[in-house]
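Visitor: Before I ask anything, let me first share the structure, which is written out below as structure tokens.
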Amino acid sequence: MDLEPALIRQLAATDILRYGHFAFRTGRHSAALIDRDLLLADPATASHFAYNIAKNYFTDRVETVVTPSIWGAGLAQWIGYFLEPKAKVVDATPHDGEITIAEKLLPLIEGKRVLLADNLILSGQTMSRLLDLTKERGATVVGVATLWCAAGDQIGDMPVYAALNGHFPAWAPDDCPGCSTGLGDPEIVPY
Ligand SMILES: [Zn+2]
């Protein structure tokens, strides 16, 4: 369920998606970079991505979308809106290095079918903690979704659906076409 090439072209015409040769903190390289702040500022684009993600989980009876970041929350609102019936959204905020969920939001997770979503998954540590936390709270996790993932195709025991990875793989430096074709040193991404 890859993103339509037309959407990729439309994105590339904005500053939300930039082509180049990029190195992430995890050591992975990529030929594209998503600007998460600009994405959050653009509901039209965010909703296209969210629809693509929601489509991937249409038959999974998701009741709540849980996200660990403010950027993820922007996307999660749209994912919840496109699911049928519409899902609730829980923003699990990082606090002192731990992820916490507000007490009043716990009923939306306990015993519920949840989808974990963030705009980007980089090291995978945050998503892994969120997976543990939601399971401890008795949720049935149906999937982990993101726009782009640099942490492999699995978080814990869950497969990751990453909307853009089919178009823009997260390469190990040894396999990176940008490195091997002499594009020069990658631009360092600070996250
Ligand atoms: Zn490279």
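Ligands are numbered from 1 in the order shown, residues from 1 within each chain, and chains are lettered A, B, ... in the order they appear in the structure tokens.
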What residues of the protein or nucleic acid chains come within 8 Å of ligand 1 when you use only C-alpha atoms and all ligand atoms? Reply as a list in words.

Guide: His21, Phe22, Ala23, Arg28, His29, Ser30, Trp171, Ala172, Pro173, Asp174, Asp175, Cys176, Pro177, Gly178, Cys179, Ser180, Asp185 and Pro186 of chain A

Visitor: Name the residues in contact with Leu115 in chain A at a cut-off of 6 Å, using only C-alpha atoms, excluding same-chain residues fewer than 2 positions from it; report them as number ranges by chain.

Guide: A: 65, 141-143

Visitor: Emit the selected residues as an mmCIF file, in the first residue's frame, including N, CA and C atoms.

Guide:
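Final output, part03.cif:
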```
data_model
loop_
_atom_site.group_PDB
_atom_site.id
_atom_site.type_symbol
_atom_site.label_atom_id
_atom_site.label_comp_id
_atom_site.auth_asym_id
_atom_site.auth_seq_id
_atom_site.Cartn_x
_atom_site.Cartn_y
_atom_site.Cartn_z
ATOM 1 N N VAL A 65 -5.768 5.656 18.636
ATOM 2 C CA VAL A 65 -4.431 5.854 18.077
ATOM 3 C C VAL A 65 -3.584 6.505 19.172
ATOM 4 N N VAL A 141 -2.314 -4.201 20.883
ATOM 5 C CA VAL A 141 -1.689 -3.339 19.875
ATOM 6 C C VAL A 141 -1.813 -4.018 18.517
ATOM 7 N N VAL A 142 -2.441 -3.317 17.555
ATOM 8 C CA VAL A 142 -2.656 -3.917 16.235
ATOM 9 C C VAL A 142 -1.572 -3.533 15.239
ATOM 10 N N GLY A 143 -0.768 -2.523 15.565
ATOM 11 C CA GLY A 143 0.282 -2.153 14.627
ATOM 12 C C GLY A 143 1.050 -0.931 15.072
#
```

Visitor: Can you list, as a list in words, every residue of range 61-114 of chain A that DSSP puts in alpha helix (DSSP H)?

Guide: Ile70, Trp71, Gly72, Ala73, Gly74, Leu75, Ala76, Gln77, Trp78, Ile79, Gly80, Tyr81 and Phe82 of chain A

Visitor: Write out, as a CSV table (one decimal), in the first residue's frame, the residues just selected, with N, CA and C atoms.

Guide:
```
chain,number,residue,atom,x,y,z
A,70,ILE,N,4.4,15.5,19.8
A,70,ILE,CA,3.5,16.5,19.3
A,70,ILE,C,3.4,16.4,17.8
A,71,TRP,N,4.5,16.0,17.1
A,71,TRP,CA,4.4,15.9,15.6
A,71,TRP,C,3.5,14.7,15.3
A,72,GLY,N,3.6,13.6,16.1
A,72,GLY,CA,2.8,12.5,15.9
A,72,GLY,C,1.3,12.8,16.2
A,73,ALA,N,1.1,13.7,17.2
A,73,ALA,CA,-0.3,14.0,17.5
A,73,ALA,C,-1.0,14.7,16.4
A,74,GLY,N,-0.3,15.5,15.6
A,74,GLY,CA,-0.9,16.1,14.4
A,74,GLY,C,-1.4,15.1,13.4
A,75,LEU,N,-0.5,14.1,13.2
A,75,LEU,CA,-0.8,13.1,12.3
A,75,LEU,C,-1.9,12.1,12.8
A,76,ALA,N,-1.8,11.8,14.1
A,76,ALA,CA,-2.8,10.9,14.7
A,76,ALA,C,-4.2,11.4,14.7
A,77,GLN,N,-4.4,12.7,14.8
A,77,GLN,CA,-5.8,13.3,14.7
A,77,GLN,C,-6.4,12.9,13.4
A,78,TRP,N,-5.6,13.0,12.3
A,78,TRP,CA,-6.1,12.7,11.0
A,78,TRP,C,-6.4,11.2,10.8
A,79,ILE,N,-5.4,10.4,11.4
A,79,ILE,CA,-5.6,8.9,11.3
A,79,ILE,C,-6.9,8.5,12.0
A,80,GLY,N,-7.1,9.0,13.2
A,80,GLY,CA,-8.3,8.7,13.9
A,80,GLY,C,-9.5,9.1,13.2
A,81,TYR,N,-9.5,10.2,12.5
A,81,TYR,CA,-10.6,10.8,11.8
A,81,TYR,C,-11.0,9.9,10.6
A,82,PHE,N,-9.9,9.3,9.9
A,82,PHE,CA,-10.2,8.5,8.7
A,82,PHE,C,-10.6,7.1,9.0
```

Visitor: From the options A:Tyr57, A:Lys104, A:Phe168, A:Asp96, which residue's atoms come nearest to Val144 in chain A, counting only C-alpha atoms?

Guide: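 Counting only C-alpha atoms, the residue closest to Val144 in chain A is A:Tyr57.
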
Visitor: Between CA of Ala13 in chain A and CA of Ala163 in chain A, what is the distance in Å, rounded to a tenth?

Guide: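 A separation of 18.3 Å between them.
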
Visitor: Within 12 Å of Gly166 in chain A, counting only C-alpha atoms, which residues qualify if same-chain residues fewer than 3 places away don't, as a PyMOL selection string?

Guide: chain A and resi 1-5+8+30-32+147-149+153+161-163+169-171

Visitor: Could you pull out the residues in chain A that DSSP calls strand (DSSP E) from the backbone, as a VMD selection string?

Guide: chain A and resid 17 to 23 29 to 34 64 to 67 88 to 91 93 to 95 98 to 100 113 to 121 140 to 149 154 to 155 158 to 162 187 to 188

Visitor: Those selected residues, please, written with C-alpha atoms and delivered as a short mmCIF file (atom, residue, chain, number, x, y, z; two decimals), in the first residue's frame.

Guide:
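Once everything was written out, this is result.cif:
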```cif
data_model
loop_
_atom_site.label_atom_id
_atom_site.label_comp_id
_atom_site.auth_asym_id
_atom_site.auth_seq_id
_atom_site.Cartn_x
_atom_site.Cartn_y
_atom_site.Cartn_z
CA LEU A 17 10.22 16.64 1.33
CA ARG A 18 13.79 17.34 0.31
CA TYR A 19 15.91 15.09 -1.92
CA GLY A 20 19.61 14.68 -1.19
CA HIS A 21 21.90 12.49 0.85
CA PHE A 22 21.20 12.52 4.57
CA ALA A 23 22.70 10.81 7.64
CA HIS A 29 21.36 7.16 5.40
CA SER A 30 18.52 8.23 3.16
CA ALA A 31 17.89 10.01 -0.15
CA ALA A 32 15.05 12.08 1.30
CA LEU A 33 14.28 14.12 4.36
CA ILE A 34 10.85 14.96 5.77
CA THR A 64 -7.49 4.43 19.82
CA VAL A 65 -4.43 5.85 18.08
CA VAL A 66 -1.60 6.42 20.57
CA THR A 67 1.29 8.73 19.78
CA LYS A 88 -9.85 8.33 19.66
CA VAL A 89 -6.34 9.79 20.02
CA VAL A 90 -4.09 9.59 23.07
CA ASP A 91 -0.98 11.72 23.26
CA THR A 93 3.96 12.73 26.39
CA PRO A 94 7.64 12.22 27.15
CA HIS A 95 8.45 13.49 30.65
CA GLU A 98 9.82 8.51 30.60
CA ILE A 99 6.62 8.36 28.62
CA THR A 100 3.53 9.10 30.66
CA ARG A 113 -7.43 -2.14 20.30
CA VAL A 114 -4.77 0.50 19.69
CA LEU A 115 -2.60 1.63 16.81
CA LEU A 116 0.73 3.25 17.74
CA ALA A 117 1.72 6.07 15.39
CA ASP A 118 4.41 8.71 15.14
CA ASN A 119 5.51 10.91 12.27
CA LEU A 120 9.06 9.52 12.26
CA ILE A 121 10.61 6.52 13.99
CA THR A 140 -4.17 -4.98 22.21
CA VAL A 141 -1.69 -3.34 19.88
CA VAL A 142 -2.66 -3.92 16.24
CA GLY A 143 0.28 -2.15 14.63
CA VAL A 144 2.98 0.51 14.57
CA ALA A 145 2.73 3.12 11.83
CA THR A 146 4.84 6.04 10.72
CA LEU A 147 5.78 8.09 7.69
CA TRP A 148 9.40 7.01 7.69
CA CYS A 149 11.36 4.61 9.86
CA GLN A 154 10.00 -4.30 13.47
CA ILE A 155 9.50 -2.69 16.92
CA MET A 158 5.22 -5.59 15.93
CA PRO A 159 5.82 -5.00 12.23
CA VAL A 160 6.22 -1.32 11.31
CA TYR A 161 4.21 0.20 8.47
CA ALA A 162 6.27 3.12 7.14
CA GLU A 187 24.20 16.13 5.27
CA ILE A 188 24.01 15.41 9.00
#
```
